[in-house]
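Below is model_14.cif, holding mmCIF, C-alpha atoms and all ligand atoms; chains and numbers go by the auth columns.
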data_query
#
loop_
_atom_site.group_PDB
_atom_site.id
_atom_site.type_symbol
_atom_site.label_atom_id
_atom_site.label_comp_id
_atom_site.label_asym_id
_atom_site.label_seq_id
_atom_site.Cartn_x
_atom_site.Cartn_y
_atom_site.Cartn_z
_atom_site.B_iso_or_equiv
_atom_site.auth_seq_id
_atom_site.auth_asym_id
ATOM 1 C CA SER A 1 106.242 63.683 114.152 0.00 1 A
ATOM 2 C CA GLU A 2 108.766 66.406 114.810 0.00 2 A
ATOM 3 C CA SER A 3 108.947 67.445 111.164 0.00 3 A
ATOM 4 C CA GLU A 4 105.159 67.754 110.968 0.00 4 A
ATOM 5 C CA VAL A 5 105.205 70.097 113.972 0.00 5 A
ATOM 6 C CA MET A 6 107.970 72.121 112.327 0.00 6 A
ATOM 7 C CA LEU A 7 106.082 72.297 109.060 0.00 7 A
ATOM 8 C CA LYS A 8 102.934 73.472 110.864 0.00 8 A
ATOM 9 C CA GLN A 9 104.891 76.179 112.682 0.00 9 A
ATOM 10 C CA TYR A 10 106.520 77.232 109.441 0.00 10 A
ATOM 11 C CA GLU A 11 103.097 77.625 107.815 0.00 11 A
ATOM 12 C CA GLN A 12 101.807 79.635 110.755 0.00 12 A
ATOM 13 C CA VAL A 13 104.796 81.985 110.686 0.00 13 A
ATOM 14 C CA ASN A 14 104.388 82.338 106.933 0.00 14 A
ATOM 15 C CA GLN A 15 100.798 83.477 107.353 0.00 15 A
ATOM 16 C CA LEU A 16 101.678 86.229 109.825 0.00 16 A
ATOM 17 C CA PRO A 17 102.561 89.038 107.377 0.00 17 A
ATOM 18 C CA THR A 18 99.283 88.476 105.494 0.00 18 A
ATOM 19 C CA LEU A 19 97.289 88.537 108.714 0.00 19 A
ATOM 20 C CA TYR A 20 98.902 91.763 109.946 0.00 20 A
ATOM 21 C CA GLN A 21 98.693 93.400 106.527 0.00 21 A
ATOM 22 C CA LEU A 22 94.955 92.674 106.367 0.00 22 A
ATOM 23 C CA ALA A 23 94.446 94.025 109.886 0.00 23 A
ATOM 24 C CA LEU A 24 96.180 97.248 108.803 0.00 24 A
ATOM 25 C CA GLU A 25 93.977 97.511 105.728 0.00 25 A
ATOM 26 C CA GLU A 26 90.796 96.973 107.775 0.00 26 A
ATOM 27 C CA LEU A 27 91.875 99.661 110.220 0.00 27 A
ATOM 28 C CA GLU A 28 92.887 102.061 107.478 0.00 28 A
ATOM 29 C CA THR A 29 89.440 101.766 105.893 0.00 29 A
ATOM 30 C CA LYS A 30 87.742 102.544 109.221 0.00 30 A
ATOM 31 C CA ILE A 31 89.916 105.634 109.670 0.00 31 A
ATOM 32 C CA LYS A 32 89.290 106.783 106.101 0.00 32 A
ATOM 33 C CA VAL A 33 85.527 106.649 106.651 0.00 33 A
ATOM 34 C CA ILE A 34 85.882 108.943 109.669 0.00 34 A
ATOM 35 C CA GLN A 35 88.195 111.205 107.712 0.00 35 A
ATOM 36 C CA ALA A 36 85.680 111.557 104.865 0.00 36 A
ATOM 37 C CA GLU A 37 82.783 112.306 107.210 0.00 37 A
ATOM 38 C CA TRP A 38 84.836 114.884 109.084 0.00 38 A
ATOM 39 C CA LYS A 39 85.826 116.595 105.879 0.00 39 A
ATOM 40 C CA ILE A 40 82.197 116.941 104.825 0.00 40 A
ATOM 41 C CA ARG A 41 81.231 118.333 108.229 0.00 41 A
ATOM 42 C CA ASN A 42 84.210 120.606 108.852 0.00 42 A
ATOM 43 C CA GLY A 43 85.558 121.491 105.458 0.00 43 A
ATOM 44 C CA TYR A 44 89.036 120.191 106.219 0.00 44 A
ATOM 45 C CA SER A 45 90.564 116.788 106.779 0.00 45 A
ATOM 46 C CA PRO A 46 91.790 116.028 110.326 0.00 46 A
ATOM 47 C CA ILE A 47 94.353 113.681 108.817 0.00 47 A
ATOM 48 C CA GLU A 48 97.210 114.830 106.620 0.00 48 A
ATOM 49 C CA HIS A 49 98.388 111.337 105.821 0.00 49 A
ATOM 50 C CA ILE A 50 98.431 107.759 107.029 0.00 50 A
ATOM 51 C CA LYS A 51 101.398 105.411 106.769 0.00 51 A
ATOM 52 C CA THR A 52 101.533 101.751 107.636 0.00 52 A
ATOM 53 C CA ARG A 53 104.434 99.375 108.118 0.00 53 A
ATOM 54 C CA LEU A 54 105.163 95.834 109.181 0.00 54 A
ATOM 55 C CA LYS A 55 107.970 95.478 111.701 0.00 55 A
ATOM 56 C CA GLU A 56 111.110 93.908 110.245 0.00 56 A
ATOM 57 C CA PRO A 57 111.745 90.326 111.495 0.00 57 A
ATOM 58 C CA ASN A 58 115.116 91.497 112.879 0.00 58 A
ATOM 59 C CA SER A 59 113.471 94.280 114.820 0.00 59 A
ATOM 60 C CA ILE A 60 110.846 91.857 116.189 0.00 60 A
ATOM 61 C CA PHE A 61 113.497 89.463 117.465 0.00 61 A
ATOM 62 C CA ASN A 62 115.617 92.241 118.969 0.00 62 A
ATOM 63 C CA LYS A 63 112.556 93.390 120.889 0.00 63 A
ATOM 64 C CA ILE A 64 111.777 89.846 122.078 0.00 64 A
ATOM 65 C CA GLN A 65 115.358 89.527 123.325 0.00 65 A
ATOM 66 C CA ARG A 66 115.287 92.942 124.995 0.00 66 A
ATOM 67 C CA LYS A 67 112.138 91.935 126.857 0.00 67 A
ATOM 68 C CA GLY A 68 113.650 88.566 127.813 0.00 68 A
ATOM 69 C CA LEU A 69 110.750 86.628 126.267 0.00 69 A
ATOM 70 C CA PRO A 70 110.942 83.199 124.602 0.00 70 A
ATOM 71 C CA PRO A 71 111.361 83.484 120.810 0.00 71 A
ATOM 72 C CA THR A 72 108.134 81.716 119.866 0.00 72 A
ATOM 73 C CA LEU A 73 105.186 82.345 117.580 0.00 73 A
ATOM 74 C CA ASP A 74 103.007 82.848 120.673 0.00 74 A
ATOM 75 C CA THR A 75 105.285 85.621 121.894 0.00 75 A
ATOM 76 C CA ILE A 76 105.108 87.477 118.570 0.00 76 A
ATOM 77 C CA VAL A 77 101.321 87.241 118.402 0.00 77 A
ATOM 78 C CA ASN A 78 100.482 87.898 122.073 0.00 78 A
ATOM 79 C CA ASP A 79 103.329 89.995 123.514 0.00 79 A
ATOM 80 C CA ILE A 80 104.635 92.176 120.676 0.00 80 A
ATOM 81 C CA TYR A 81 102.060 94.858 120.002 0.00 81 A
ATOM 82 C CA ASP A 82 103.762 96.760 117.192 0.00 82 A
ATOM 83 C CA VAL A 83 104.303 94.095 114.531 0.00 83 A
ATOM 84 C CA ALA A 84 101.714 96.071 112.574 0.00 84 A
ATOM 85 C CA GLY A 85 102.138 99.825 112.848 0.00 85 A
ATOM 86 C CA MET A 86 100.067 102.744 111.628 0.00 86 A
ATOM 87 C CA ARG A 87 101.104 106.387 111.778 0.00 87 A
ATOM 88 C CA ILE A 88 98.347 108.982 111.549 0.00 88 A
ATOM 89 C CA VAL A 89 99.717 112.475 110.943 0.00 89 A
ATOM 90 C CA CYS A 90 97.381 115.386 111.709 0.00 90 A
ATOM 91 C CA ALA A 91 97.688 119.124 111.205 0.00 91 A
ATOM 92 C CA PHE A 92 96.461 119.964 114.716 0.00 92 A
ATOM 93 C CA VAL A 93 97.044 118.581 118.219 0.00 93 A
ATOM 94 C CA LYS A 94 93.343 118.876 119.023 0.00 94 A
ATOM 95 C CA ASP A 95 92.413 116.549 116.172 0.00 95 A
ATOM 96 C CA ILE A 96 94.738 113.881 117.573 0.00 96 A
ATOM 97 C CA TYR A 97 92.660 113.818 120.764 0.00 97 A
ATOM 98 C CA PHE A 98 89.379 113.749 118.829 0.00 98 A
ATOM 99 C CA ILE A 99 90.583 110.715 116.923 0.00 99 A
ATOM 100 C CA LEU A 100 91.769 109.138 120.180 0.00 100 A
ATOM 101 C CA ASP A 101 88.388 109.705 121.877 0.00 101 A
ATOM 102 C CA HIS A 102 86.662 108.261 118.865 0.00 102 A
ATOM 103 C CA LEU A 103 88.837 105.115 118.875 0.00 103 A
ATOM 104 C CA LYS A 104 87.871 104.545 122.526 0.00 104 A
ATOM 105 C CA VAL A 105 84.115 104.367 121.881 0.00 105 A
ATOM 106 C CA ARG A 106 84.120 102.069 118.870 0.00 106 A
ATOM 107 C CA ASP A 107 82.947 98.499 119.319 0.00 107 A
ATOM 108 C CA ASP A 108 84.986 97.283 116.363 0.00 108 A
ATOM 109 C CA ILE A 109 88.304 98.543 117.750 0.00 109 A
ATOM 110 C CA ARG A 110 89.622 97.592 121.203 0.00 110 A
ATOM 111 C CA VAL A 111 91.916 100.146 122.814 0.00 111 A
ATOM 112 C CA VAL A 112 94.409 98.196 124.909 0.00 112 A
ATOM 113 C CA GLU A 113 96.895 100.850 125.996 0.00 113 A
ATOM 114 C CA ILE A 114 97.587 104.563 125.504 0.00 114 A
ATOM 115 C CA LYS A 115 101.046 106.136 125.890 0.00 115 A
ATOM 116 C CA ASP A 116 100.719 109.894 125.711 0.00 116 A
ATOM 117 C CA TYR A 117 104.120 111.352 124.817 0.00 117 A
ATOM 118 C CA ILE A 118 102.478 114.685 123.953 0.00 118 A
ATOM 119 C CA GLU A 119 101.351 115.254 127.509 0.00 119 A
ATOM 120 C CA LYS A 120 104.658 113.821 128.725 0.00 120 A
ATOM 121 C CA PRO A 121 107.341 114.019 125.984 0.00 121 A
ATOM 122 C CA LYS A 122 110.333 111.663 126.072 0.00 122 A
ATOM 123 C CA PRO A 123 113.556 113.214 127.505 0.00 123 A
ATOM 124 C CA ASN A 124 114.923 113.860 123.996 0.00 124 A
ATOM 125 C CA GLY A 125 111.784 115.826 123.077 0.00 125 A
ATOM 126 C CA TYR A 126 109.920 113.072 121.185 0.00 126 A
ATOM 127 C CA GLN A 127 106.174 113.682 121.029 0.00 127 A
ATOM 128 C CA SER A 128 103.345 111.428 119.770 0.00 128 A
ATOM 129 C CA VAL A 129 100.405 109.551 121.213 0.00 129 A
ATOM 130 C CA HIS A 130 100.911 105.786 120.927 0.00 130 A
ATOM 131 C CA VAL A 131 97.747 103.691 121.049 0.00 131 A
ATOM 132 C CA ILE A 132 97.807 99.914 121.117 0.00 132 A
ATOM 133 C CA VAL A 133 94.567 98.615 119.642 0.00 133 A
ATOM 134 C CA GLN A 134 93.182 95.288 118.548 0.00 134 A
ATOM 135 C CA VAL A 135 91.315 94.985 115.263 0.00 135 A
ATOM 136 C CA PRO A 136 89.050 92.032 114.457 0.00 136 A
ATOM 137 C CA LEU A 137 89.788 89.865 111.452 0.00 137 A
ATOM 138 C CA VAL A 138 86.744 87.755 110.669 0.00 138 A
ATOM 139 C CA LEU A 139 87.921 84.352 109.423 0.00 139 A
ATOM 140 C CA PHE A 140 85.807 81.361 108.343 0.00 140 A
ATOM 141 C CA ASP A 141 85.370 79.919 111.801 0.00 141 A
ATOM 142 C CA ASP A 142 87.054 82.409 114.080 0.00 142 A
ATOM 143 C CA VAL A 143 87.502 86.094 114.863 0.00 143 A
ATOM 144 C CA ARG A 144 91.157 87.010 115.422 0.00 144 A
ATOM 145 C CA TRP A 145 91.762 90.260 117.317 0.00 145 A
ATOM 146 C CA VAL A 146 95.077 91.463 115.904 0.00 146 A
ATOM 147 C CA TYR A 147 97.314 93.990 117.679 0.00 147 A
ATOM 148 C CA VAL A 148 98.187 97.216 115.862 0.00 148 A
ATOM 149 C CA GLU A 149 100.215 100.146 117.235 0.00 149 A
ATOM 150 C CA ILE A 150 98.845 103.493 116.114 0.00 150 A
ATOM 151 C CA GLN A 151 101.116 106.535 116.401 0.00 151 A
ATOM 152 C CA LEU A 152 99.264 109.853 116.302 0.00 152 A
ATOM 153 C CA ARG A 153 101.297 113.022 115.788 0.00 153 A
ATOM 154 C CA THR A 154 101.193 116.437 114.141 0.00 154 A
ATOM 155 C CA LEU A 155 103.059 117.369 110.980 0.00 155 A
ATOM 156 C CA ALA A 156 105.537 119.333 113.094 0.00 156 A
ATOM 157 C CA MET A 157 106.096 116.399 115.473 0.00 157 A
ATOM 158 C CA ASP A 158 106.518 114.092 112.486 0.00 158 A
ATOM 159 C CA PHE A 159 109.124 116.402 110.956 0.00 159 A
ATOM 160 C CA TRP A 160 111.018 116.417 114.265 0.00 160 A
ATOM 161 C CA ALA A 161 110.812 112.623 114.677 0.00 161 A
ATOM 162 C CA SER A 162 112.087 111.944 111.132 0.00 162 A
ATOM 163 C CA MET A 163 115.013 114.288 111.702 0.00 163 A
ATOM 164 C CA GLU A 164 115.808 112.780 115.102 0.00 164 A
ATOM 165 C CA HIS A 165 115.628 109.276 113.636 0.00 165 A
ATOM 166 C CA ILE A 166 118.116 110.157 110.869 0.00 166 A
ATOM 167 C CA ILE A 167 120.482 111.834 113.344 0.00 167 A
ATOM 168 C CA TYR A 168 120.249 108.951 115.823 0.00 168 A
ATOM 169 C CA TYR A 169 121.396 106.461 113.191 0.00 169 A
ATOM 170 C CA LYS A 170 123.869 108.868 111.587 0.00 170 A
ATOM 171 C CA PHE A 171 125.720 109.005 114.928 0.00 171 A
ATOM 172 C CA ASN A 172 125.264 105.291 115.482 0.00 172 A
ATOM 173 C CA LYS A 173 122.989 105.943 118.479 0.00 173 A
ATOM 174 C CA HIS A 174 125.621 108.127 120.226 0.00 174 A
ATOM 175 C CA VAL A 175 124.377 111.645 119.560 0.00 175 A
ATOM 176 C CA PRO A 176 126.895 114.323 120.689 0.00 176 A
ATOM 177 C CA PRO A 177 125.631 116.663 123.461 0.00 177 A
ATOM 178 C CA HIS A 178 125.435 119.792 121.296 0.00 178 A
ATOM 179 C CA VAL A 179 123.205 117.935 118.795 0.00 179 A
ATOM 180 C CA VAL A 180 121.050 116.655 121.682 0.00 180 A
ATOM 181 C CA ASP A 181 120.637 120.296 122.776 0.00 181 A
ATOM 182 C CA GLU A 182 119.722 121.412 119.291 0.00 182 A
ATOM 183 C CA LEU A 183 117.122 118.668 119.023 0.00 183 A
ATOM 184 C CA ALA A 184 115.654 119.791 122.350 0.00 184 A
ATOM 185 C CA GLU A 185 115.500 123.343 121.034 0.00 185 A
ATOM 186 C CA ALA A 186 113.837 122.134 117.829 0.00 186 A
ATOM 187 C CA ALA A 187 111.292 120.265 119.988 0.00 187 A
ATOM 188 C CA ARG A 188 110.401 123.544 121.714 0.00 188 A
ATOM 189 C CA ALA A 189 109.925 125.119 118.270 0.00 189 A
ATOM 190 C CA VAL A 190 107.582 122.234 117.398 0.00 190 A
ATOM 191 C CA ASP A 191 105.495 123.066 120.496 0.00 191 A
ATOM 192 C CA GLU A 192 105.394 126.711 119.580 0.00 192 A
ATOM 193 C CA LEU A 193 104.352 126.014 115.983 0.00 193 A
ATOM 194 C CA ASP A 194 101.638 123.569 117.065 0.00 194 A
ATOM 195 C CA ARG A 195 100.221 126.166 119.470 0.00 195 A
ATOM 196 C CA LYS A 196 100.142 128.811 116.747 0.00 196 A
ATOM 197 C CA MET A 197 98.459 126.398 114.348 0.00 197 A
ATOM 198 C CA LEU A 198 95.773 125.630 116.940 0.00 198 A
ATOM 199 C CA ASP A 199 94.927 129.337 117.013 0.00 199 A
ATOM 200 C CA LEU A 200 94.584 129.307 113.247 0.00 200 A
ATOM 201 C CA ARG A 201 92.409 126.209 113.345 0.00 201 A
ATOM 202 C CA LYS A 202 89.653 128.205 114.994 0.00 202 A
ATOM 203 C CA GLU A 203 89.482 130.274 111.849 0.00 203 A
ATOM 204 C CA ILE A 204 88.565 127.319 109.676 0.00 204 A
ATOM 205 C CA LEU A 205 85.976 125.788 111.994 0.00 205 A
ATOM 206 C CA SER A 206 82.513 127.119 111.445 0.00 206 A
ATOM 207 C CA TYR A 207 80.877 125.552 114.483 0.00 207 A
ATOM 208 C CA ASN A 208 81.517 124.634 118.075 0.00 208 A
ATOM 209 C CA ASP A 209 84.266 122.079 118.803 0.00 209 A
ATOM 210 C CA GLU A 210 82.535 120.711 121.892 0.00 210 A
ATOM 211 C CA ASP A 211 79.424 119.724 119.882 0.00 211 A
ATOM 212 C CA TRP A 212 81.607 117.879 117.442 0.00 212 A
ATOM 213 C CA ALA A 213 83.524 116.112 120.201 0.00 213 A
ATOM 214 C CA GLN A 214 80.257 114.946 121.762 0.00 214 A
ATOM 215 C CA GLY A 215 78.988 113.727 118.408 0.00 215 A
ATOM 216 C CA MET A 216 82.166 111.739 117.869 0.00 216 A
ATOM 217 C CA ALA A 217 82.083 110.244 121.373 0.00 217 A
ATOM 218 C CA SER A 218 78.466 109.074 121.184 0.00 218 A
ATOM 219 C CA ILE A 219 78.861 106.921 118.096 0.00 219 A
ATOM 220 C CA SER A 220 78.303 103.226 118.678 0.00 220 A
ATOM 221 C CA LEU A 221 77.325 100.352 116.452 0.00 221 A
HETATM 222 P P1 LIG B . 110.471 99.855 114.449 0.00 1 B
HETATM 223 O O1 LIG B . 109.769 100.390 113.266 0.00 1 B
HETATM 224 O O2 LIG B . 109.521 99.226 115.419 0.00 1 B
HETATM 225 O O3 LIG B . 111.627 98.972 114.128 0.00 1 B
HETATM 226 P P2 LIG B . 107.446 99.104 124.691 0.00 1 B
HETATM 227 O O4 LIG B . 106.577 98.628 123.570 0.00 1 B
HETATM 228 O O5 LIG B . 106.766 100.088 125.601 0.00 1 B
HETATM 229 O O6 LIG B . 108.115 97.993 125.427 0.00 1 B
HETATM 230 P P3 LIG B . 108.839 100.521 122.651 0.00 1 B
HETATM 231 O O7 LIG B . 108.593 99.529 121.571 0.00 1 B
HETATM 232 O O8 LIG B . 110.188 101.186 122.642 0.00 1 B
HETATM 233 O O9 LIG B . 108.660 99.880 124.076 0.00 1 B
HETATM 234 O O10 LIG B . 107.643 101.519 122.585 0.00 1 B
HETATM 235 P P4 LIG B . 107.535 103.017 122.236 0.00 1 B
HETATM 236 O O11 LIG B . 108.660 103.797 122.783 0.00 1 B
HETATM 237 O O12 LIG B . 106.150 103.364 122.654 0.00 1 B
HETATM 238 O O13 LIG B . 107.544 103.072 120.643 0.00 1 B
HETATM 239 C C1 LIG B . 108.558 102.716 119.794 0.00 1 B
HETATM 240 C C2 LIG B . 108.334 103.384 118.450 0.00 1 B
HETATM 241 O O14 LIG B . 107.957 104.744 118.658 0.00 1 B
HETATM 242 C C3 LIG B . 109.592 103.462 117.619 0.00 1 B
HETATM 243 O O15 LIG B . 109.659 102.375 116.736 0.00 1 B
HETATM 244 C C4 LIG B . 109.459 104.770 116.875 0.00 1 B
HETATM 245 O O16 LIG B . 108.627 104.632 115.739 0.00 1 B
HETATM 246 C C5 LIG B . 108.741 105.627 117.871 0.00 1 B
HETATM 247 N N1 LIG B . 109.655 106.333 118.790 0.00 1 B
HETATM 248 C C6 LIG B . 109.716 106.169 120.131 0.00 1 B
HETATM 249 N N2 LIG B . 110.638 106.981 120.671 0.00 1 B
HETATM 250 C C7 LIG B . 111.184 107.678 119.665 0.00 1 B
HETATM 251 C C8 LIG B . 112.211 108.690 119.610 0.00 1 B
HETATM 252 O O17 LIG B . 112.799 109.111 120.605 0.00 1 B
HETATM 253 N N3 LIG B . 112.502 109.196 118.363 0.00 1 B
HETATM 254 C C9 LIG B . 111.871 108.771 117.249 0.00 1 B
HETATM 255 N N4 LIG B . 112.235 109.317 116.085 0.00 1 B
HETATM 256 N N5 LIG B . 110.919 107.799 117.269 0.00 1 B
HETATM 257 C C10 LIG B . 110.571 107.263 118.470 0.00 1 B
HETATM 258 P P5 LIG B . 111.081 101.628 116.567 0.00 1 B
HETATM 259 O O18 LIG B . 111.133 100.539 117.561 0.00 1 B
HETATM 260 O O19 LIG B . 112.189 102.626 116.587 0.00 1 B
HETATM 261 O O20 LIG B . 111.078 101.124 115.103 0.00 1 B
#
Show how you would write the structure in this file as structure tokens.
Ligand code: 0O2
Amino acid sequence: SESEVMLKQYEQVNQLPTLYQLALEELETKIKVIQAEWKIRNGYSPIEHIKTRLKEPNSIFNKIQRKGLPPTLDTIVNDIYDVAGMRIVCAFVKDIYFILDHLKVRDDIRVVEIKDYIEKPKPNGYQSVHVIVQVPLVLFDDVRWVYVEIQLRTLAMDFWASMEHIIYYKFNKHVPPHVVDELAEAARAVDELDRKMLDLRKEILSYNDEDWAQGMASISL
């Protein structure tokens, strides 16, 4: 009956946050293992911090509307890739690309799409690498590959993005031109700082970067 169908859908929607939360936890554990190994090998952690979030229901439905998709459970699960989000903040740009290369070779993470806003920043100056991945959740009689959006950025880029986010909402999404200019200038300062930090990174690495990159890229299960 119609009410049974509704009840079933209600249950499925209710399970979604749990499913996405577990996918985030699985992924976070994988990243933490890499982080620990790296720290032992290199004497510093490539990751400053990791944050996770579930997209607000409002924000999910706004996105579905913006994309002109039907507001169904199927759409959320199959067409919205950032219901579960993870932000990995690194000290150095180079480490972002090492992590990215590593994600690509793992059998237990599927890389679906990469948007490199470091190579090509957004017009306002926003920089980050966005990676859409799928993470397997092993259930009793099924493996569900759950979408997660990973944002990789440096501390400096993260500082800029938090500031820009606050300003954007402060001005109700209509940022006056002089503030836009100042943000662009701050973005150039971010670049400059990240370049300087890369120079300093050499001082803390006791062995060749290329060897490490190859080691990371050859890992498979
Ligand atoms: P929340 O937390 O999701 O409510 P697409 O998926 O390609 O159709 P979308 O979703 O705009 O389009 O993808 P994009 O641009 O790759 O990533 C959106 C997310 O990246 C944002 O989440 C921000 O976290 C971040 N982001 C992208 N551009 C900017 C920017 O100019 N400034 C800042 N501060 N962050 C940005 P949501 O959707 O805002 O939030």
Query raised in the report: Taking only C-alpha atoms and all ligand atoms into account, which residues are within 6 Å of ligand LIG 1 (chain B), as an MDAnalysis selection string?
Result: chainID A and resid 55 59 126 161:162 164:165
Requested in this report: Choose the residue, out of A:Ile167, A:Met157, A:Ile64, A:Leu54, that has the smallest atom-to-atom separation from Asp194 (chain A); count only C-alpha atoms.
Outcome: A:Met157
Report task. Name all residues at most 12 Å from Leu69 (chain A) (count only C-alpha atoms; drop same-chain ones fewer than 5 positions away) and give them as a VMD selection string. Result -> chain A and resid 60 to 64 74 to 76 78 to 80
Query - A:Phe171, A:Trp38, A:Tyr44, A:Tyr147 ranked by distance to Val111 (chain A), top pick (using all atoms listed in the file) - result: A:Tyr147
Query raised in the report: Just how far from CA of Glu149 (chain A) is CA of Lys115 (chain A), in Å to one decimal?
Result: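 Going from CA of Lys115 (chain A) over to CA of Glu149 (chain A) covers 10.6 Å.
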Query raised in the report: Rounded to one decimal in Å, what is the spacing between CA of Ser1 (chain A) and CA of Leu139 (chain A)?
Result: 28.0 Å
Query raised in the report: What is the CA of Pro57 (chain A) to CA of Asn172 (chain A) distance in Å?
Result: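 Between CA of Pro57 (chain A) and CA of Asn172 (chain A) the gap is 20.6 Å.
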Report task. Identify all residues satisfying the PyMOL selection byres (((chain A and resi 125) around 12) and not hetatm) in the given file; provide them as a ChimeraX atom specification. Result -> /A:117-124,126-128,157-158,160-161,163-164,180-191
Evaluate the PyMOL selection byres (((chain A and resi 144) around 12) and not hetatm) and report residues as a tab-separated table (two decimals) with C-alpha atoms, keeping the file's coordinate frame:
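The file below, expr.tsv, is the result:
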chain	number	residue	atom	x	y	z
A	16	LEU	CA	101.68	86.23	109.82
A	19	LEU	CA	97.29	88.54	108.71
A	20	TYR	CA	98.90	91.76	109.95
A	22	LEU	CA	94.96	92.67	106.37
A	23	ALA	CA	94.45	94.02	109.89
A	77	VAL	CA	101.32	87.24	118.40
A	78	ASN	CA	100.48	87.90	122.07
A	134	GLN	CA	93.18	95.29	118.55
A	135	VAL	CA	91.32	94.98	115.26
A	136	PRO	CA	89.05	92.03	114.46
A	137	LEU	CA	89.79	89.86	111.45
A	138	VAL	CA	86.74	87.76	110.67
A	139	LEU	CA	87.92	84.35	109.42
A	140	PHE	CA	85.81	81.36	108.34
A	141	ASP	CA	85.37	79.92	111.80
A	142	ASP	CA	87.05	82.41	114.08
A	143	VAL	CA	87.50	86.09	114.86
A	145	TRP	CA	91.76	90.26	117.32
A	146	VAL	CA	95.08	91.46	115.90
A	147	TYR	CA	97.31	93.99	117.68
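Proximity to Lys104 (chain A) was assessed for A:Val133, A:Val33, A:Ile150, A:Ile166 counting all atoms listed in the file; the smallest distance is recorded for A:Val133.
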Query raised in the report: Which is closer to Ile99 (chain A) than all the others in A:Lys8, A:Lys51, A:Arg66, A:Lys32, using all atoms listed in the file?
Result: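 Among the listed residues, the smallest separation from Ile99 (chain A) belongs to A:Lys32.
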Query raised in the report: How would you write as a list of chain:residue names the residues that get within 6 Å of (100.2, 118.9, 118.8) in the file's frame, counting all atoms listed in the file?
Result: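 Checked against the point, the hits come out as A:Phe92, A:Val93, A:Thr154, A:Asp194.
Among the candidate residues A:Ile132, A:Val175, A:Ile96, A:Ala36, the one lying nearest to Arg110 (chain A) is A:Ile132, with distances computed using only C-alpha atoms.
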Save region 96-110 of chain A of the structure in the block above to a file, with N, CA and C atoms included, as an mmCIF file, in the first residue's frame.
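Contents of the output file selection_8.cif:
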data_model
loop_
_atom_site.group_PDB
_atom_site.id
_atom_site.type_symbol
_atom_site.label_atom_id
_atom_site.label_comp_id
_atom_site.auth_asym_id
_atom_site.auth_seq_id
_atom_site.Cartn_x
_atom_site.Cartn_y
_atom_site.Cartn_z
ATOM 1 N N ILE A 96 49.840 17.833 -0.284
ATOM 2 C CA ILE A 96 48.488 17.669 -0.831
ATOM 3 C C ILE A 96 48.545 16.731 -2.034
ATOM 4 N N TYR A 97 49.545 16.954 -2.907
ATOM 5 C CA TYR A 97 49.644 16.133 -4.118
ATOM 6 C C TYR A 97 50.130 14.718 -3.817
ATOM 7 N N PHE A 98 50.926 14.555 -2.770
ATOM 8 C CA PHE A 98 51.314 13.196 -2.357
ATOM 9 C C PHE A 98 50.091 12.424 -1.873
ATOM 10 N N ILE A 99 49.278 13.089 -1.082
ATOM 11 C CA ILE A 99 48.063 12.427 -0.587
ATOM 12 C C ILE A 99 47.144 12.085 -1.764
ATOM 13 N N LEU A 100 47.023 13.036 -2.690
ATOM 14 C CA LEU A 100 46.181 12.818 -3.874
ATOM 15 C C LEU A 100 46.673 11.610 -4.678
ATOM 16 N N ASP A 101 47.974 11.547 -4.944
ATOM 17 C CA ASP A 101 48.533 10.415 -5.697
ATOM 18 C C ASP A 101 48.288 9.106 -4.967
ATOM 19 N N HIS A 102 48.390 9.171 -3.658
ATOM 20 C CA HIS A 102 48.178 7.961 -2.870
ATOM 21 C C HIS A 102 46.718 7.491 -2.951
ATOM 22 N N LEU A 103 45.788 8.438 -2.883
ATOM 23 C CA LEU A 103 44.357 8.091 -2.971
ATOM 24 C C LEU A 103 44.076 7.353 -4.280
ATOM 25 N N LYS A 104 44.755 7.806 -5.359
ATOM 26 C CA LYS A 104 44.497 7.249 -6.693
ATOM 27 C C LYS A 104 44.882 5.782 -6.815
ATOM 28 N N VAL A 105 45.887 5.334 -6.056
ATOM 29 C CA VAL A 105 46.367 3.954 -6.247
ATOM 30 C C VAL A 105 45.743 2.959 -5.271
ATOM 31 N N ARG A 106 44.925 3.429 -4.372
ATOM 32 C CA ARG A 106 44.355 2.492 -3.390
ATOM 33 C C ARG A 106 43.167 1.735 -3.959
ATOM 34 N N ASP A 107 43.115 0.432 -3.636
ATOM 35 C CA ASP A 107 42.005 -0.383 -4.119
ATOM 36 C C ASP A 107 40.752 -0.181 -3.275
ATOM 37 N N ASP A 108 40.947 0.321 -2.052
ATOM 38 C CA ASP A 108 39.802 0.449 -1.148
ATOM 39 C C ASP A 108 39.232 1.874 -1.139
ATOM 40 N N ILE A 109 39.691 2.686 -2.095
ATOM 41 C CA ILE A 109 39.097 4.016 -2.288
ATOM 42 C C ILE A 109 39.001 4.219 -3.801
ATOM 43 N N ARG A 110 37.816 4.582 -4.287
ATOM 44 C CA ARG A 110 37.674 4.870 -5.724
ATOM 45 C C ARG A 110 37.679 6.373 -5.934
#
